[in-house]
Amino acid sequence: MSSSPIARSAGPVPASIPSSGSRLNALRYRAKVALNGPTTFIGLLLAGLFTYLIVMPVLSILFDAVRVQFGDERRLKASAGDFTTYYLERAFTSRVARDLFWGPLANTLTVAASAIALAMIIGGLLAWLLSRTDMFGRRWFATALIVPYMLPAWTFALAWTTLFKNRTVGGQPGWLEAMGLTPPDWLAYGRLPITIILALHYSPFVILLFGNALRRFDSQLEDSARILGANRLTVARQIILPLMQPALLSAMVLIFAKCLGEFGVAYVLGLPVDFDVLATSLYRSISSRQSGVAAVLAGSIMLIGVITLMIDARLLKEARRFVTIGSKGSMSRLSPLGILRWPATVFAALMFAFSVGLPLLTLALSTVMRQPGNFAPANFTLDYWIGRDLNTVAMKSGVLFTPDLWQAAWNSLSIVGVASVTSGVLGLLVGYVVARTPVRPLAAFLRQVTFMPYLVPGIAFAAAYLSLFAVPRGPIPALYGTAAILMLALIADQMPYASRAGVAAMMQLGKDPEEAAQIAGAGWFRRLIAIVIPIQKGALTTGILLPFISGIKGLSLFVVLAVPGTDVLTTYSLRLIDYHYTQAANAVVLIIAAISYFGTLAGQKLTKSNLAQGLGN
Amino acid sequence: MPRINLRGVAKNYGVAGANAVSGLDLEIGDGEFMCLLGPSGCGKTTTLRMIAGLENLSAGEIQVGARMVDSVGAGIFVPPEKREMGLVFQSYALWPHLTIERNTDFGLRLRKVPKAEREERVQRVMSTLGIEKYRDRYPSQLSGGQQQRVALARMLAVNPEVLLLDEPLSNLDAALRLEMRAELKRLHREFKTTIVFVTHDQWEAMTLATTIAVMSEGHLQQVGTPNDIYDRPANRFVAQFVGNPPINILELGDTPTPVAASAGQWLTAFSGGLAEAGSVGIRPEALKVTTGTAPEGAFSGKAEVTGILPTGGSWIVELTVPGGKLFQTTHEMPAIEQGETVSFWVEPRALHVFNKAGNRSATADQALRPARRH
C-alpha cells in the first residue's frame, strides 16, 4: 500500500471561481438546506404571530402616549392621532402630576424596597433554618412555608380587611371594629399592610432561591476557610455571603418586578385612603377613560421594568465571576442550634401562622358569620355558601348556587385553559425552531420577542392590549369585551415562561435523538410525532400546567380587559368586594386559593417538577 | 469505484477566516474501515456530519457511490433522511420513550418492510449483538455498553452501505472499549459495510482502521495505512500526534541545543549535508541505550539517566542530554541505574527528518532508508 502524504500549509479555501452561474447554484444549495423540512417556515409564521401579539400592542401604547386620543380633540384643539406632548406634560409636570405619577412612583418604590428588605430578613432566616440547621420539623416547614406563594396575594389583603377594616369605609366593619376596638387608618389601610402582605407573599421566593443556593453550596469551600483558621462569622461574611450574592440578587429583582405590577393588594388596601401605586394609578386612568395618560403610565412601568432587568443582567454578569464549578462536596452538614432549637421552631411556626394559617382561617370564618367579630353560635351560618332565598338585594342565594359564580368559574377554566395549552404548544414550537433552524437571526428574534412580555408588568400589558384591540383595525374586529382578547393577552403574557421552558427542553434534548431518526430515514413530520413530542411530553405538561395555575389566580391582566360578560373568578370576586358582598367575595377567593393550591400540588405530583423551576410564573 | 468521495469540501461556521474544514479531498473505498483521526476541534466530526448531511457545506462536493449528495457548485443537496446511511452518535442518542425493539426496528418500519421480514432482521441483528434479552426494556434501563450495542443494532438493522461512527467508544470504560473494538472489527468483516469512524484515540484508530486520515485544524494531514502513518509520518504534526510517549524532536534551527547540533553534524557527515533539514524526530522505542559504546555509523551521544518509570511490562527511561531530555521506551528491564551516564544511539533509518516547513524530507529518506526497504 502506498502512502499519500498530503501536507498542507494553512491557507484560504480553494473556493470555486465565483462566476455568476456557480454563485446562483451556491444560493440554490443554501436554499435547499434551509428549506429541508418546514422548520424555518414555521419559525417565520411564529415570528409574524408574535410581532402581532407582542410587539404591536407595546408599540401601539407607546404611540398612544404622544398622540391625541379620541375624545380629547376639543380640549387639545387638534384632531385625533396628531402628535402631542399633552399627556406627557400632564403625567410628569402638570399640577396633577403628583397625584398621577410622582406620588404613586414614590409609593411603589418605597413599598417595594421595604417589602424586599422585610422578605429578605424573614425569608433569608427561614431559608437558613430550613437548609442548614437542625431545627425541628424542617421537612414539613419546607413545604408549609412555600404555601403563601401558591395563593393569590390579595387573599391576604382580604383577610387583612376582614380583621382591621374600620369606620373610614362603609359596608361590613372588620372584626376589631365590630368588637369595639377601632383600628387606626395607618394600620387598617395603605402603606403598612401593603408592605407586610407583599413581604409575606414574596418571602417564599427568598426561601426557594436562597435555600437552593445554600443547599448546593460546596461545603469544601467552607471547610478550607475553617482549616485556615477562619471562625464561623468570618466564613459566613467572607465566603458564604459573597457566593450567595447571585441568588439573593435574583430573588430581589424578581420581587421588585412582581411588586411593580402588583395590583390586587394595593387596590383592596390602598383605595380607602387614596394610597396609589403605579399599577392602581394606571387602573384609575384606564377606568376614567384617560387613555393618553394611561399610555404614559404604562410606558413608564415598562421602562422601569426594562431598567430593572438590565440592572439585574448587569449584576448577575458581575456575580457570575464567582460561580464555582460544581464539585462533589455538596452541603450535607447541619449546624446544631443547641438551646435555640425551640425558639427557632417557634419562629418558623409563627411565620406559618401569620402568612398562611391566620389569613385563611379569618377568611374561612368570615364566610360563615353574619356579623363580623361576633362569635356567638347563633351568628354562624352556611347561607353565604349554600343559602337560598336570602333577604338581600342582589345575592339571593349562597355563592355556590349563584349562576354568576359558575359562569365565572367556567370562564376562568376555559379562557385560562385555552391560553395555557396554546402558549405551551407555541413555546415548544419556539424551542424547536430556536434549536433547529439554520437561520440564526430568526432564532434570535424569536427568543427576544417572546421574552419581551417579561419586561412588561401584566397591567401595563393589558393596557397595551386595550390600546391595540379596543377598536377595529384592518381585518381584526374590535375585541374589547370578548373572551378572545383575554386569551390573546394571556397567551402573550405567558410566552416568556412557555418559550423559556420550550427552548430549555429542546436544548436539553439536544439534536442527537432527532438526527438519529433523520439518518434512519424519518422526514420532518414523522420526527415531530414519533420522536420529539413523545420525549417532550413531560416538559409540555409542565409548560401548560404552571401557566394555567398562575393564570387562574392572576388578576392584573383581567381587571383591565374583562367585562361582566367575561368575568373570571378573580374579577368576579373583585366586583363582589366593590359591592360590599364581603362574605361572598371571601368565599370566591377561598375557592380560587383552593384551586391554585391543589392545582400546584397536583402539577408537581404529575410532572415531578419542582416549584422552584416555575418561579416567576 | 470509491464509495465516498469528498472534493474540495470546506465548512465555515460564519467566523471570519476560521474554517472548521478546509479544502478537504478524500476518497473512501468500498468496504474500507476509514478512521478520521485528530485532536478535538480538528474538524473530523464536522466532516462526518457533512457526509451524513447533518451539516451543510460551505464549498465543495460529496459523492456517495454514483450519487452526488452535496454540491455547492451544482446546487445539489440530498437531505440526511434520503441518504440511506447509518450513524452512531457519541451519545448513542437512543430514543428514551421507545423500547429496545422499537428503537431497533424504527428504520425498518419507516421503510415499510413487511412484518415477517422485519422481525427476522431485527432478531438477527439483535442476536448478533447479544441484546435480544433486553428487547422489551427501555434505554434508561441499560448500561452504557448495552446502549452502545443498541445504537449499533438500530443502524445495522437497515443494512446501510455506509456506516458512520462518531467516537462511539469514548463513553465506555477501558475493558468494554476493548471488547467493543473487537466487536466492531468483527461486524465490519461480517456486514462488509463501508465504515467511517471518528476518533481522537490513536490506539483505536491503529487497531481498527484499514486506512487512517489524520486531520488537524481543518486540514487533512496524511492518509495511509496505520503502519504508514506511524512509520512514515508525513509531517511533524502527524509524527507528534501518533505515538505514546510522543516522538522526541530535535530542533536544528538557528540556535540548536548541543544534542540537536550533534544530530545536525551527524546528518551532514552521513549524507553530505541536508540543507533543508529543520528538525529530527526519534521514536522512543528507536532509541537504544547501552553502558558500553554505541555501534559505528549510528547517531549517538552521551546521556545521564534521570528517571526510570515502570509502566507494567515496559519501561520509560528519561535521559538528560546536553540541552534537553530524550525519552526511551523498552520492553526489557533496563540494566542501568538512575544517575548513571550511558551512551544512546539510533539506527540511521529510524531517524525522521523534517524540512524547515515541518514536512517529511524525501531527500533524507533516500539517504537514510536504502531503496531496497519497503
# chains A, B, ... in the order shown; residues from 1 in each chain; ligands from 1

call {"tool": "residues_around", "arguments": {"residues": "B:Pro139", "least_positions_apart": "6", "cutoff": "9 Å", "atoms": "only C-alpha atoms", "output": "count of residues only"}}
result
11

call {"tool": "interface_residues", "arguments": {"of": "chain B", "to": "chain A", "cutoff": "6 Å", "atoms": "only C-alpha atoms", "output": "PDB file with C-alpha atoms, in the first residue's frame"}}
result
ATOM      1  CA  SER B  22     -10.657  23.491   4.585  1.00  0.00           C
ATOM      2  CA  GLY B  23     -10.231  22.144   1.078  1.00  0.00           C
ATOM      3  CA  VAL B  72     -22.397  23.693  -3.659  1.00  0.00           C
ATOM      4  CA  GLY B  73     -21.280  24.332  -7.242  1.00  0.00           C
ATOM      5  CA  ALA B  74     -24.195  22.471  -8.821  1.00  0.00           C
ATOM      6  CA  GLY B  75     -26.771  23.358  -6.164  1.00  0.00           C
ATOM      7  CA  ILE B  76     -27.423  19.764  -5.145  1.00  0.00           C
ATOM      8  CA  PRO B  80     -29.948  13.163   5.540  1.00  0.00           C
ATOM      9  CA  GLU B  81     -33.140  11.115   5.629  1.00  0.00           C
ATOM     10  CA  ALA B  93     -28.987   9.088  21.020  1.00  0.00           C
ATOM     11  CA  TRP B  95     -34.942   7.253  21.832  1.00  0.00           C
ATOM     12  CA  GLY B 107     -35.862   2.332  10.379  1.00  0.00           C
ATOM     13  CA  GLN B 221      -2.516  15.935   7.125  1.00  0.00           C
ATOM     14  CA  GLN B 222      -1.993  12.406   5.836  1.00  0.00           C
ATOM     15  CA  VAL B 223      -3.944   9.442   4.531  1.00  0.00           C
ATOM     16  CA  GLY B 224      -2.469   5.971   4.817  1.00  0.00           C
ATOM     17  CA  ALA B 234       4.096  12.995   6.523  1.00  0.00           C
TER      18      ALA B 234
END

call {"tool": "select_by_dssp", "arguments": {"residues": "stretch 29-242 of chain B", "states": "alpha helix (DSSP H)", "output": "PyMOL selection string"}}
result
chain B and resi 44-52+100-110+115-129+144-156+174-191+202-208+226-231+236-241

call {"tool": "select_by_dssp", "arguments": {"residues": "stretch 247-373 of chain B", "states": "strand (DSSP E)", "output": "VMD selection string"}}
result
chain B and resid 248 to 251 277 to 282 288 to 290 299 to 310 315 to 321 324 to 330 341 to 346 351 to 355

call {"tool": "residues_around", "arguments": {"residues": "A:Ala470", "least_positions_apart": "5", "cutoff": "7 Å", "atoms": "only C-alpha atoms", "output": "ChimeraX atom specification"}}
result
/A:478-480

call {"tool": "closest_residue", "arguments": {"among": "B:Asn235, B:Thr225, B:Ser300, B:Asn12", "to": "B:Ser262", "atoms": "only C-alpha atoms"}}
result
B:Ser300

call {"tool": "residues_around", "arguments": {"residues": "stretch 30-46 of chain B", "least_positions_apart": "6", "cutoff": "9 Å", "atoms": "only C-alpha atoms", "output": "PyMOL selection string"}}
result
chain B and resi 1-4+11+19-22+55+65+161-162+166-167+185+188-189+192-202+204-206+208-219+238+241

call {"tool": "decode", "arguments": {"residues": "stretch 243-397 of chain A", "atoms": "C-alpha atoms", "output": "PDB file, in the first residue's frame"}}
result
ATOM      1  CA  LEU A 243     -21.119  33.323  46.897  1.00  0.00           C
ATOM      2  CA  MET A 244     -24.799  33.630  47.708  1.00  0.00           C
ATOM      3  CA  GLN A 245     -24.936  37.045  46.078  1.00  0.00           C
ATOM      4  CA  PRO A 246     -26.346  35.894  42.728  1.00  0.00           C
ATOM      5  CA  ALA A 247     -29.205  34.003  44.400  1.00  0.00           C
ATOM      6  CA  LEU A 248     -30.022  36.908  46.675  1.00  0.00           C
ATOM      7  CA  LEU A 249     -29.880  39.368  43.803  1.00  0.00           C
ATOM      8  CA  SER A 250     -32.182  37.380  41.608  1.00  0.00           C
ATOM      9  CA  ALA A 251     -34.659  36.994  44.471  1.00  0.00           C
ATOM     10  CA  MET A 252     -34.567  40.765  44.994  1.00  0.00           C
ATOM     11  CA  VAL A 253     -35.077  41.619  41.352  1.00  0.00           C
ATOM     12  CA  LEU A 254     -37.859  39.074  40.997  1.00  0.00           C
ATOM     13  CA  ILE A 255     -39.691  40.528  43.988  1.00  0.00           C
ATOM     14  CA  PHE A 256     -39.228  44.057  42.694  1.00  0.00           C
ATOM     15  CA  ALA A 257     -40.585  43.150  39.274  1.00  0.00           C
ATOM     16  CA  LYS A 258     -43.580  41.481  40.913  1.00  0.00           C
ATOM     17  CA  CYS A 259     -44.244  44.456  43.217  1.00  0.00           C
ATOM     18  CA  LEU A 260     -44.107  46.796  40.229  1.00  0.00           C
ATOM     19  CA  GLY A 261     -47.040  45.066  38.576  1.00  0.00           C
ATOM     20  CA  GLU A 262     -48.895  44.153  41.774  1.00  0.00           C
ATOM     21  CA  PHE A 263     -52.419  45.397  41.544  1.00  0.00           C
ATOM     22  CA  GLY A 264     -54.811  43.475  43.798  1.00  0.00           C
ATOM     23  CA  VAL A 265     -53.257  44.162  47.186  1.00  0.00           C
ATOM     24  CA  ALA A 266     -52.816  47.865  46.546  1.00  0.00           C
ATOM     25  CA  TYR A 267     -56.322  48.085  45.121  1.00  0.00           C
ATOM     26  CA  VAL A 268     -58.012  46.470  48.129  1.00  0.00           C
ATOM     27  CA  LEU A 269     -55.952  48.156  50.821  1.00  0.00           C
ATOM     28  CA  GLY A 270     -54.890  51.421  49.181  1.00  0.00           C
ATOM     29  CA  LEU A 271     -58.202  52.650  47.800  1.00  0.00           C
ATOM     30  CA  PRO A 272     -59.848  53.707  51.120  1.00  0.00           C
ATOM     31  CA  VAL A 273     -57.022  56.121  51.962  1.00  0.00           C
ATOM     32  CA  ASP A 274     -56.114  57.139  48.395  1.00  0.00           C
ATOM     33  CA  PHE A 275     -52.818  55.337  48.637  1.00  0.00           C
ATOM     34  CA  ASP A 276     -51.880  54.843  44.983  1.00  0.00           C
ATOM     35  CA  VAL A 277     -49.086  52.818  43.453  1.00  0.00           C
ATOM     36  CA  LEU A 278     -48.291  52.919  39.738  1.00  0.00           C
ATOM     37  CA  ALA A 279     -50.473  49.912  38.979  1.00  0.00           C
ATOM     38  CA  THR A 280     -53.564  51.375  40.683  1.00  0.00           C
ATOM     39  CA  SER A 281     -52.939  54.812  39.198  1.00  0.00           C
ATOM     40  CA  LEU A 282     -52.792  53.202  35.762  1.00  0.00           C
ATOM     41  CA  TYR A 283     -56.019  51.344  36.528  1.00  0.00           C
ATOM     42  CA  ARG A 284     -57.734  54.584  37.551  1.00  0.00           C
ATOM     43  CA  SER A 285     -56.632  56.291  34.353  1.00  0.00           C
ATOM     44  CA  ILE A 286     -57.995  53.427  32.295  1.00  0.00           C
ATOM     45  CA  SER A 287     -61.298  53.282  34.128  1.00  0.00           C
ATOM     46  CA  SER A 288     -61.727  57.064  33.870  1.00  0.00           C
ATOM     47  CA  ARG A 289     -61.053  56.783  30.106  1.00  0.00           C
ATOM     48  CA  GLN A 290     -57.887  58.877  30.160  1.00  0.00           C
ATOM     49  CA  SER A 291     -56.209  56.591  27.650  1.00  0.00           C
ATOM     50  CA  GLY A 292     -53.432  59.076  26.828  1.00  0.00           C
ATOM     51  CA  VAL A 293     -52.293  59.342  30.421  1.00  0.00           C
ATOM     52  CA  ALA A 294     -52.770  55.600  30.855  1.00  0.00           C
ATOM     53  CA  ALA A 295     -50.400  55.094  27.933  1.00  0.00           C
ATOM     54  CA  VAL A 296     -47.793  57.318  29.581  1.00  0.00           C
ATOM     55  CA  LEU A 297     -48.127  55.437  32.866  1.00  0.00           C
ATOM     56  CA  ALA A 298     -47.991  52.030  31.181  1.00  0.00           C
ATOM     57  CA  GLY A 299     -44.928  53.155  29.235  1.00  0.00           C
ATOM     58  CA  SER A 300     -43.274  54.315  32.461  1.00  0.00           C
ATOM     59  CA  ILE A 301     -43.976  50.986  34.170  1.00  0.00           C
ATOM     60  CA  MET A 302     -42.485  49.158  31.165  1.00  0.00           C
ATOM     61  CA  LEU A 303     -39.456  51.419  31.273  1.00  0.00           C
ATOM     62  CA  ILE A 304     -38.888  50.744  34.963  1.00  0.00           C
ATOM     63  CA  GLY A 305     -39.294  47.022  34.240  1.00  0.00           C
ATOM     64  CA  VAL A 306     -36.725  47.182  31.451  1.00  0.00           C
ATOM     65  CA  ILE A 307     -34.266  49.160  33.579  1.00  0.00           C
ATOM     66  CA  THR A 308     -34.680  46.707  36.464  1.00  0.00           C
ATOM     67  CA  LEU A 309     -33.922  43.747  34.259  1.00  0.00           C
ATOM     68  CA  MET A 310     -30.963  45.496  32.705  1.00  0.00           C
ATOM     69  CA  ILE A 311     -29.554  46.171  36.162  1.00  0.00           C
ATOM     70  CA  ASP A 312     -30.276  42.554  37.024  1.00  0.00           C
ATOM     71  CA  ALA A 313     -28.452  41.282  33.942  1.00  0.00           C
ATOM     72  CA  ARG A 314     -25.519  43.547  34.750  1.00  0.00           C
ATOM     73  CA  LEU A 315     -25.327  42.496  38.397  1.00  0.00           C
ATOM     74  CA  LEU A 316     -25.664  38.836  37.516  1.00  0.00           C
ATOM     75  CA  LYS A 317     -22.863  39.164  34.995  1.00  0.00           C
ATOM     76  CA  GLU A 318     -20.699  40.676  37.711  1.00  0.00           C
ATOM     77  CA  ALA A 319     -21.686  37.979  40.165  1.00  0.00           C
ATOM     78  CA  ARG A 320     -21.194  35.150  37.719  1.00  0.00           C
ATOM     79  CA  ARG A 321     -17.457  35.612  38.020  1.00  0.00           C
ATOM     80  CA  PHE A 322     -17.795  33.883  41.346  1.00  0.00           C
ATOM     81  CA  VAL A 323     -19.725  30.901  40.152  1.00  0.00           C
ATOM     82  CA  THR A 324     -17.683  27.889  41.043  1.00  0.00           C
ATOM     83  CA  ILE A 325     -17.765  24.738  39.043  1.00  0.00           C
ATOM     84  CA  GLY A 326     -19.934  22.223  40.820  1.00  0.00           C
ATOM     85  CA  SER A 327     -17.971  19.617  42.682  1.00  0.00           C
ATOM     86  CA  LYS A 328     -18.799  16.539  44.657  1.00  0.00           C
ATOM     87  CA  GLY A 329     -18.644  18.150  48.090  1.00  0.00           C
ATOM     88  CA  SER A 330     -22.276  19.002  48.443  1.00  0.00           C
ATOM     89  CA  MET A 331     -23.724  20.564  51.527  1.00  0.00           C
ATOM     90  CA  SER A 332     -24.989  17.963  53.910  1.00  0.00           C
ATOM     91  CA  ARG A 333     -23.725  19.104  57.268  1.00  0.00           C
ATOM     92  CA  LEU A 334     -26.173  20.947  59.520  1.00  0.00           C
ATOM     93  CA  SER A 335     -25.323  23.479  62.199  1.00  0.00           C
ATOM     94  CA  PRO A 336     -26.642  22.433  65.584  1.00  0.00           C
ATOM     95  CA  LEU A 337     -28.783  25.192  67.064  1.00  0.00           C
ATOM     96  CA  GLY A 338     -28.398  23.958  70.644  1.00  0.00           C
ATOM     97  CA  ILE A 339     -30.534  25.904  73.042  1.00  0.00           C
ATOM     98  CA  LEU A 340     -32.005  27.960  70.188  1.00  0.00           C
ATOM     99  CA  ARG A 341     -33.615  24.930  68.608  1.00  0.00           C
ATOM    100  CA  TRP A 342     -37.007  25.523  70.155  1.00  0.00           C
ATOM    101  CA  PRO A 343     -37.166  29.310  69.661  1.00  0.00           C
ATOM    102  CA  ALA A 344     -36.209  28.778  66.001  1.00  0.00           C
ATOM    103  CA  THR A 345     -39.008  26.264  65.554  1.00  0.00           C
ATOM    104  CA  VAL A 346     -41.477  28.596  67.233  1.00  0.00           C
ATOM    105  CA  PHE A 347     -40.363  31.397  64.898  1.00  0.00           C
ATOM    106  CA  ALA A 348     -40.992  29.247  61.832  1.00  0.00           C
ATOM    107  CA  ALA A 349     -44.358  28.170  63.219  1.00  0.00           C
ATOM    108  CA  LEU A 350     -45.326  31.789  63.864  1.00  0.00           C
ATOM    109  CA  MET A 351     -44.351  32.777  60.347  1.00  0.00           C
ATOM    110  CA  PHE A 352     -46.538  29.982  59.020  1.00  0.00           C
ATOM    111  CA  ALA A 353     -49.403  31.108  61.248  1.00  0.00           C
ATOM    112  CA  PHE A 354     -49.138  34.724  60.076  1.00  0.00           C
ATOM    113  CA  SER A 355     -48.643  34.027  56.403  1.00  0.00           C
ATOM    114  CA  VAL A 356     -50.999  31.078  55.919  1.00  0.00           C
ATOM    115  CA  GLY A 357     -52.960  29.933  58.932  1.00  0.00           C
ATOM    116  CA  LEU A 358     -54.371  33.190  60.219  1.00  0.00           C
ATOM    117  CA  PRO A 359     -55.393  34.724  56.886  1.00  0.00           C
ATOM    118  CA  LEU A 360     -57.062  31.555  55.616  1.00  0.00           C
ATOM    119  CA  LEU A 361     -58.794  30.915  58.929  1.00  0.00           C
ATOM    120  CA  THR A 362     -60.041  34.502  59.018  1.00  0.00           C
ATOM    121  CA  LEU A 363     -61.381  34.300  55.516  1.00  0.00           C
ATOM    122  CA  ALA A 364     -62.977  30.928  56.117  1.00  0.00           C
ATOM    123  CA  LEU A 365     -64.661  32.080  59.336  1.00  0.00           C
ATOM    124  CA  SER A 366     -65.818  35.311  57.743  1.00  0.00           C
ATOM    125  CA  THR A 367     -67.798  33.384  55.147  1.00  0.00           C
ATOM    126  CA  VAL A 368     -69.873  31.602  57.788  1.00  0.00           C
ATOM    127  CA  MET A 369     -70.549  34.573  60.102  1.00  0.00           C
ATOM    128  CA  ARG A 370     -73.408  37.035  59.702  1.00  0.00           C
ATOM    129  CA  GLN A 371     -71.926  39.754  61.897  1.00  0.00           C
ATOM    130  CA  PRO A 372     -68.178  40.237  61.842  1.00  0.00           C
ATOM    131  CA  GLY A 373     -66.346  39.543  65.087  1.00  0.00           C
ATOM    132  CA  ASN A 374     -69.365  38.038  66.826  1.00  0.00           C
ATOM    133  CA  PHE A 375     -68.560  34.511  67.893  1.00  0.00           C
ATOM    134  CA  ALA A 376     -71.957  33.625  69.367  1.00  0.00           C
ATOM    135  CA  PRO A 377     -73.217  30.296  67.911  1.00  0.00           C
ATOM    136  CA  ALA A 378     -76.339  31.976  66.507  1.00  0.00           C
ATOM    137  CA  ASN A 379     -74.168  34.202  64.354  1.00  0.00           C
ATOM    138  CA  PHE A 380     -72.807  31.284  62.337  1.00  0.00           C
ATOM    139  CA  THR A 381     -74.488  30.258  59.103  1.00  0.00           C
ATOM    140  CA  LEU A 382     -73.777  28.459  55.840  1.00  0.00           C
ATOM    141  CA  ASP A 383     -76.167  30.771  53.991  1.00  0.00           C
ATOM    142  CA  TYR A 384     -73.363  32.592  52.189  1.00  0.00           C
ATOM    143  CA  TRP A 385     -72.239  29.320  50.659  1.00  0.00           C
ATOM    144  CA  ILE A 386     -75.427  27.331  50.121  1.00  0.00           C
ATOM    145  CA  GLY A 387     -78.329  29.530  51.250  1.00  0.00           C
ATOM    146  CA  ARG A 388     -81.472  30.039  49.184  1.00  0.00           C
ATOM    147  CA  ASP A 389     -83.993  32.905  49.017  1.00  0.00           C
ATOM    148  CA  LEU A 390     -81.840  35.239  51.074  1.00  0.00           C
ATOM    149  CA  ASN A 391     -83.059  38.663  52.029  1.00  0.00           C
ATOM    150  CA  THR A 392     -80.505  40.727  50.077  1.00  0.00           C
ATOM    151  CA  VAL A 393     -80.702  42.966  47.054  1.00  0.00           C
ATOM    152  CA  ALA A 394     -78.644  41.012  44.547  1.00  0.00           C
ATOM    153  CA  MET A 395     -77.228  37.859  46.099  1.00  0.00           C
ATOM    154  CA  LYS A 396     -80.463  35.947  46.590  1.00  0.00           C
ATOM    155  CA  SER A 397     -78.720  32.663  47.210  1.00  0.00           C
TER     156      SER A 397
END
